[in-house]
file structure.tsv (TSV, C-alpha atoms)
chain	number	residue	atom	x	y	z
A	143	MET	CA	35.86	18.27	35.71
A	144	ALA	CA	35.21	21.78	37.01
A	145	GLY	CA	34.26	21.81	40.67
A	146	MET	CA	35.30	18.19	41.20
A	147	ASP	CA	37.94	16.92	43.58
A	148	SER	CA	41.09	16.51	41.53
A	149	GLY	CA	41.53	13.09	43.15
A	150	CYS	CA	38.41	11.93	41.26
A	151	ALA	CA	39.74	12.94	37.85
A	152	ILE	CA	40.61	10.05	35.51
A	153	SER	CA	43.20	10.65	32.81
A	154	PHE	CA	42.07	9.56	29.37
A	155	GLY	CA	44.20	6.99	27.56
A	156	ALA	CA	45.97	3.68	28.08
A	157	GLU	CA	46.04	4.03	31.87
A	158	MET	CA	42.24	4.45	31.98
A	159	ARG	CA	41.84	1.38	29.79
A	160	ARG	CA	44.11	-0.73	31.99
A	161	LYS	CA	42.60	0.34	35.31
A	162	HIS	CA	38.92	0.59	34.50
A	163	PHE	CA	38.08	-1.79	31.63
A	164	VAL	CA	38.41	-5.50	30.90
A	165	PHE	CA	39.47	-5.45	27.26
A	166	ALA	CA	41.67	-8.35	26.20
A	167	LYS	CA	45.35	-7.55	25.74
A	168	GLY	CA	45.96	-6.43	22.19
A	169	TYR	CA	42.27	-5.79	21.49
A	170	GLN	CA	41.62	-2.30	20.14
A	171	PRO	CA	37.93	-1.28	20.50
A	172	LEU	CA	37.37	1.06	17.56
A	173	ASN	CA	33.62	0.55	17.12
A	174	HIS	CA	32.12	1.72	20.40
A	175	GLY	CA	28.90	2.70	18.64
A	176	SER	CA	27.67	-0.83	17.98
A	177	PHE	CA	27.76	-2.54	21.36
A	178	GLY	CA	29.62	-0.24	23.74
A	179	THR	CA	31.20	-1.43	26.95
A	180	PHE	CA	31.27	-0.47	30.59
A	181	PRO	CA	33.96	-0.05	33.28
A	182	LYS	CA	34.86	-2.62	35.92
A	183	SER	CA	32.96	-0.73	38.63
A	184	VAL	CA	29.69	-1.12	36.68
A	185	LEU	CA	30.43	-4.81	36.06
A	186	GLU	CA	31.06	-5.33	39.78
A	187	TYR	CA	27.79	-3.61	40.71
A	188	GLN	CA	25.91	-5.69	38.15
A	189	ARG	CA	27.26	-8.88	39.73
A	190	GLN	CA	26.37	-7.58	43.18
A	191	LEU	CA	22.77	-7.06	42.08
A	192	GLN	CA	22.70	-10.53	40.51
A	193	LEU	CA	23.79	-12.08	43.81
A	194	GLU	CA	21.22	-10.07	45.74
A	195	SER	CA	18.45	-11.13	43.37
A	196	GLU	CA	19.40	-14.80	43.71
A	197	ALA	CA	19.64	-14.54	47.50
A	198	ARG	CA	16.02	-13.32	47.87
A	199	PRO	CA	14.44	-13.66	44.40
A	200	ASP	CA	10.80	-13.08	45.34
A	201	THR	CA	11.48	-10.08	47.57
A	202	TRP	CA	14.00	-8.62	45.14
A	203	ILE	CA	11.73	-8.84	42.10
A	204	ARG	CA	8.58	-7.65	43.88
A	205	TYR	CA	10.07	-4.77	45.89
A	206	THR	CA	13.77	-4.03	45.36
A	207	LEU	CA	13.72	-4.01	41.55
A	208	SER	CA	10.96	-1.41	41.29
A	209	ASP	CA	12.83	0.93	43.63
A	210	LEU	CA	16.01	0.52	41.56
A	211	VAL	CA	14.12	1.26	38.34
A	212	LYS	CA	12.59	4.39	39.86
A	213	ALA	CA	16.03	5.59	40.99
A	214	SER	CA	17.46	4.87	37.54
A	215	ARG	CA	14.67	6.78	35.79
A	216	ALA	CA	15.33	9.77	38.06
A	217	ALA	CA	19.06	9.61	37.32
A	218	ILE	CA	18.71	9.29	33.54
A	219	ALA	CA	16.13	12.08	33.42
A	220	GLN	CA	18.80	14.52	34.60
A	221	PHE	CA	20.87	13.80	31.49
A	222	LEU	CA	17.93	14.91	29.37
A	223	GLY	CA	16.68	17.81	31.46
A	224	VAL	CA	13.26	16.19	31.87
A	225	GLU	CA	11.10	14.75	34.65
A	226	ALA	CA	11.51	11.14	35.76
A	227	GLY	CA	7.87	10.51	34.88
A	228	GLU	CA	8.61	11.36	31.25
A	229	VAL	CA	11.11	8.52	30.70
A	230	VAL	CA	10.93	4.74	30.68
A	231	PHE	CA	13.40	1.99	29.77
A	232	VAL	CA	13.04	-0.30	26.76
A	233	PRO	CA	15.34	-3.09	25.51
A	234	ASN	CA	16.84	-1.14	22.59
A	235	ALA	CA	16.31	1.81	20.27
A	236	THR	CA	14.54	-0.24	17.60
A	237	THR	CA	12.02	-1.43	20.19
A	238	GLY	CA	11.47	2.18	21.25
A	239	VAL	CA	10.90	3.34	17.68
A	240	ASN	CA	8.43	0.51	17.08
A	241	THR	CA	6.64	1.29	20.34
A	242	VAL	CA	6.01	4.85	19.15
A	243	LEU	CA	5.18	4.20	15.50
A	244	ARG	CA	2.98	1.15	16.04
A	245	ASN	CA	0.84	2.93	18.62
A	246	LEU	CA	-0.08	5.88	16.40
A	247	VAL	CA	-3.43	5.99	14.63
A	248	PHE	CA	-3.04	6.66	10.91
A	249	ASN	CA	-5.63	7.95	8.44
A	250	GLU	CA	-5.64	8.22	4.66
A	251	GLY	CA	-3.18	10.85	3.52
A	252	ASP	CA	-0.94	10.57	6.59
A	253	THR	CA	2.77	10.61	5.86
A	254	ILE	CA	5.93	9.85	7.81
A	255	LEU	CA	8.95	11.94	6.85
A	256	ASN	CA	12.52	10.70	7.18
A	257	PHE	CA	15.92	11.32	5.65
A	258	ASN	CA	17.80	8.78	3.52
A	259	THR	CA	20.35	8.62	6.35
A	260	ILE	CA	17.79	6.78	8.52
A	261	TYR	CA	18.95	3.62	10.31
A	262	GLY	CA	18.00	0.48	8.38
A	263	ALA	CA	15.79	-1.12	11.03
A	264	CYS	CA	13.80	2.10	11.41
A	265	SER	CA	13.31	2.33	7.67
A	266	LYS	CA	11.97	-1.23	7.63
A	267	THR	CA	9.46	-0.37	10.37
A	268	ILE	CA	8.11	2.54	8.31
A	269	GLU	CA	7.98	0.30	5.24
A	270	SER	CA	6.05	-2.32	7.23
A	271	LEU	CA	3.56	0.27	8.47
A	272	SER	CA	2.94	1.52	4.94
A	273	GLU	CA	1.95	-2.03	3.97
A	274	THR	CA	-0.53	-2.51	6.83
A	275	CYS	CA	-1.79	1.00	7.66
A	276	PRO	CA	-3.14	3.95	5.63
A	277	VAL	CA	0.18	5.81	5.85
A	278	SER	CA	2.91	6.53	3.31
A	279	SER	CA	6.53	7.54	3.71
A	280	HIS	CA	8.37	10.51	2.24
A	281	GLN	CA	12.14	10.35	2.11
A	282	ILE	CA	14.29	13.47	2.03
A	283	ASN	CA	17.54	12.76	0.21
A	284	ILE	CA	20.73	14.46	1.34
A	285	THR	CA	24.35	13.91	0.37
A	286	TYR	CA	27.34	14.94	2.47
A	287	PRO	CA	29.05	17.34	2.56
A	288	ILE	CA	25.99	19.46	3.29
A	289	THR	CA	25.37	22.28	5.74
A	290	ASP	CA	22.83	22.23	8.56
A	291	ASP	CA	21.09	25.19	6.94
A	292	GLU	CA	20.59	23.19	3.75
A	293	ILE	CA	19.22	20.22	5.71
A	294	VAL	CA	16.76	22.44	7.56
A	295	MET	CA	15.68	24.09	4.31
A	296	LYS	CA	15.09	20.72	2.61
A	297	PHE	CA	13.09	19.53	5.61
A	298	HIS	CA	10.85	22.59	5.67
A	299	SER	CA	10.34	22.42	1.90
A	300	ALA	CA	9.35	18.75	2.11
A	301	ILE	CA	6.64	19.51	4.67
A	302	GLN	CA	5.27	22.34	2.53
A	303	HIS	CA	5.31	20.15	-0.58
A	304	LEU	CA	3.34	17.40	1.17
A	305	LYS	CA	0.74	19.83	2.44
A	306	MET	CA	0.33	21.42	-1.01
A	307	SER	CA	-0.14	17.90	-2.42
A	308	GLY	CA	-3.02	17.25	-0.06
A	309	LYS	CA	-1.01	14.97	2.23
A	310	HIS	CA	-0.85	15.19	6.02
A	311	PRO	CA	2.71	14.99	7.40
A	312	GLN	CA	1.89	13.34	10.72
A	313	LEU	CA	5.35	12.50	12.02
A	314	ALA	CA	8.97	13.17	11.16
A	315	MET	CA	11.78	10.92	12.29
A	316	PHE	CA	15.43	11.98	12.36
A	317	ASP	CA	18.65	11.29	14.24
A	318	SER	CA	20.61	13.10	16.90
A	319	VAL	CA	23.85	11.68	15.49
A	320	LEU	CA	23.80	9.79	12.20
A	321	THR	CA	25.05	6.22	12.05
A	322	PHE	CA	26.45	6.74	8.54
A	323	PRO	CA	28.16	9.14	8.33
A	324	GLY	CA	28.77	9.79	12.02
A	325	VAL	CA	27.84	13.47	12.15
A	326	ARG	CA	25.68	15.49	14.52
A	327	PHE	CA	22.29	16.28	13.00
A	328	PRO	CA	20.51	19.66	13.51
A	329	TRP	CA	17.72	17.92	15.43
A	330	GLU	CA	16.87	20.94	17.59
A	331	ARG	CA	16.01	23.08	14.57
A	332	LEU	CA	14.03	20.26	13.00
A	333	VAL	CA	11.99	19.83	16.20
A	334	THR	CA	11.16	23.54	16.13
A	335	ILE	CA	9.91	23.27	12.55
A	336	CYS	CA	7.82	20.22	13.48
A	337	ARG	CA	6.15	22.12	16.29
A	338	GLU	CA	5.44	25.12	14.06
A	339	GLN	CA	3.99	22.90	11.32
A	340	GLY	CA	1.95	20.63	13.60
A	341	VAL	CA	4.08	17.55	12.89
A	342	LEU	CA	5.01	15.01	15.58
A	343	SER	CA	8.77	14.63	16.06
A	344	LEU	CA	10.57	11.38	16.84
A	345	ILE	CA	14.31	11.50	17.48
A	346	ASP	CA	16.37	8.38	16.96
A	347	GLY	CA	19.04	9.24	19.51
A	348	ALA	CA	20.74	5.83	19.47
A	349	HIS	CA	24.13	7.56	19.38
A	350	GLY	CA	23.06	10.44	21.59
A	351	ILE	CA	23.16	10.16	25.36
A	352	GLY	CA	26.70	10.24	26.74
A	353	HIS	CA	28.01	11.21	23.31
A	354	ILE	CA	26.55	14.69	22.85
A	355	ASP	CA	24.82	17.04	25.27
A	356	LEU	CA	21.11	16.19	25.48
A	357	SER	CA	20.37	18.04	28.70
A	358	HIS	CA	18.14	20.46	26.79
A	359	ILE	CA	15.72	17.80	25.51
A	360	GLY	CA	13.10	19.09	27.93
A	361	SER	CA	13.39	22.67	26.71
A	362	VAL	CA	13.59	21.77	23.00
A	363	GLY	CA	10.51	19.60	23.45
A	364	PRO	CA	10.43	16.78	20.89
A	365	ASP	CA	7.38	14.55	21.11
A	366	PHE	CA	9.48	11.38	21.39
A	367	MET	CA	13.16	10.54	21.78
A	368	ILE	CA	14.95	7.22	22.14
A	369	SER	CA	18.60	6.83	23.10
A	370	ASN	CA	20.83	3.84	23.87
A	371	CYS	CA	22.54	4.03	27.25
A	372	TYR	CA	24.96	1.13	26.66
A	373	LYS	CA	27.05	2.91	24.04
A	374	TYR	CA	28.60	6.17	25.23
A	375	LEU	CA	27.03	6.34	28.69
A	376	LYS	CA	28.87	3.08	29.45
A	377	LEU	CA	26.05	1.20	31.12
A	378	ILE	CA	25.37	-2.53	30.95
A	379	THR	CA	24.25	-3.94	27.61
A	380	LEU	CA	20.66	-3.30	26.45
A	381	PRO	CA	19.18	-0.40	28.48
A	382	THR	CA	17.63	2.28	26.27
A	383	VAL	CA	15.78	5.34	27.50
A	384	MET	CA	12.55	6.45	25.82
A	385	TYR	CA	11.24	9.96	26.39
A	386	SER	CA	7.76	11.25	25.67
A	387	GLY	CA	7.09	14.92	26.22
call {"tool": "encode", "arguments": {"input": "structure.tsv", "output": "structure tokens"}}
result
Amino acid sequence: MAGMDSGCAISFGAEMRRKHFVFAKGYQPLNHGSFGTFPKSVLEYQRQLQLESEARPDTWIRYTLSDLVKASRAAIAQFLGVEAGEVVFVPNATTGVNTVLRNLVFNEGDTILNFNTIYGACSKTIESLSETCPVSSHQINITYPITDDEIVMKFHSAIQHLKMSGKHPQLAMFDSVLTFPGVRFPWERLVTICREQGVLSLIDGAHGIGHIDLSHIGSVGPDFMISNCYKYLKLITLPTVMYSG
């Protein structure tokens, strides 16, 4: 809140819930990570846009919508410290992950690295690719409690092991914040290792934007990153940002 007008500050707690959200009385939202929600002001703006689109549907879809998307891309890019031209919107994180993985060209010996903490839908995509493309998967098993240093060491060792075995680690996929358990992953250090080892990096940031600081994405420089905006950024359901460096 530093540098803001104190009149704009919103106190966290029951008063915020009552004034700014539409939760049913007695409903306690404890699982914000699955579907999220958004404040009344966002709901009101959504309805305003719906009315505008119905009032002039052809004009709105052909001209107004594209301008709104451009403005939204510019706004979301600031949260990541990247250029607007480096981000697009996709329906959800799983769609973003599939967009990346299913557009790569794989050759014999190529391998995708991931941790056993990977989200289920992402794991199924890798499994599907291994059945239809000349690519295999290599899972790095970790058990919490574990330190970030140990995770980084296991990751680096896995890459070296694959290379010594004659495999080509083409891409590594890991989270910004794990779904289970909900802990922050050392994704910055893993991206650095990927760059040093010539491995593409894909960050599943489903629980990232609005939850942890991602304003250094541009400087860290992963190859790809996907993050849901409807969870902790409190936007309308479905929008997900996909970044490609």
call {"tool": "residues_near_point", "arguments": {"input": "structure.tsv", "point": "(19.3, 18.7, 31.0)", "cutoff": "10 Å", "atoms": "all atoms listed in the file", "output": "PDB file with C-alpha atoms, keeping the file's coordinate frame"}}
result
ATOM      1  CA  ILE A 218      18.710   9.290  33.540  1.00  0.00           C
ATOM      2  CA  ALA A 219      16.130  12.080  33.420  1.00  0.00           C
ATOM      3  CA  GLN A 220      18.800  14.520  34.600  1.00  0.00           C
ATOM      4  CA  PHE A 221      20.870  13.800  31.490  1.00  0.00           C
ATOM      5  CA  LEU A 222      17.930  14.910  29.370  1.00  0.00           C
ATOM      6  CA  GLY A 223      16.680  17.810  31.460  1.00  0.00           C
ATOM      7  CA  VAL A 224      13.260  16.190  31.870  1.00  0.00           C
ATOM      8  CA  GLU A 225      11.100  14.750  34.650  1.00  0.00           C
ATOM      9  CA  ASP A 355      24.820  17.040  25.270  1.00  0.00           C
ATOM     10  CA  LEU A 356      21.110  16.190  25.480  1.00  0.00           C
ATOM     11  CA  SER A 357      20.370  18.040  28.700  1.00  0.00           C
ATOM     12  CA  HIS A 358      18.140  20.460  26.790  1.00  0.00           C
ATOM     13  CA  ILE A 359      15.720  17.800  25.510  1.00  0.00           C
ATOM     14  CA  GLY A 360      13.100  19.090  27.930  1.00  0.00           C
ATOM     15  CA  SER A 361      13.390  22.670  26.710  1.00  0.00           C
TER      16      SER A 361
END
call {"tool": "residues_around", "arguments": {"input": "structure.tsv", "residues": "Thr236 of chain A", "least_positions_apart": "6", "cutoff": "12 Å", "atoms": "only C-alpha atoms", "output": "list of chain:residue names"}}
result
A:Val242, A:Leu243, A:Arg244, A:Ile260, A:Tyr261, A:Gly262, A:Ala263, A:Cys264, A:Ser265, A:Lys266, A:Thr267, A:Ile268, A:Ile345, A:Asp346, A:Gly347, A:Ala348, A:Met367, A:Ile368, A:Ser369, A:Asn370, A:Leu380, A:Pro381, A:Thr382, A:Val383, A:Met384
call {"tool": "atom_distance", "arguments": {"input": "structure.tsv", "atom1": "atom CA of Ile288 of chain A", "atom2": "atom CA of Gly363 of chain A"}}
result
25.4 Å
call {"tool": "closest_residue", "arguments": {"input": "structure.tsv", "among": "A:Pro323, A:Tyr205, A:Tyr286, A:Thr334", "to": "His298 of chain A", "atoms": "all atoms listed in the file"}}
result
A:Thr334
call {"tool": "atom_distance", "arguments": {"input": "structure.tsv", "atom1": "atom CA of Ser279 of chain A", "atom2": "atom CA of His349 of chain A"}}
result
23.6 Å
call {"tool": "atom_distance", "arguments": {"input": "structure.tsv", "atom1": "atom CA of Gly340 of chain A", "atom2": "atom CA of His310 of chain A"}}
result
9.7 Å
call {"tool": "closest_residue", "arguments": {"input": "structure.tsv", "among": "A:Thr259, A:Val164, A:Ile293, A:Leu320", "to": "Leu185 of chain A", "atoms": "only C-alpha atoms"}}
result
A:Val164
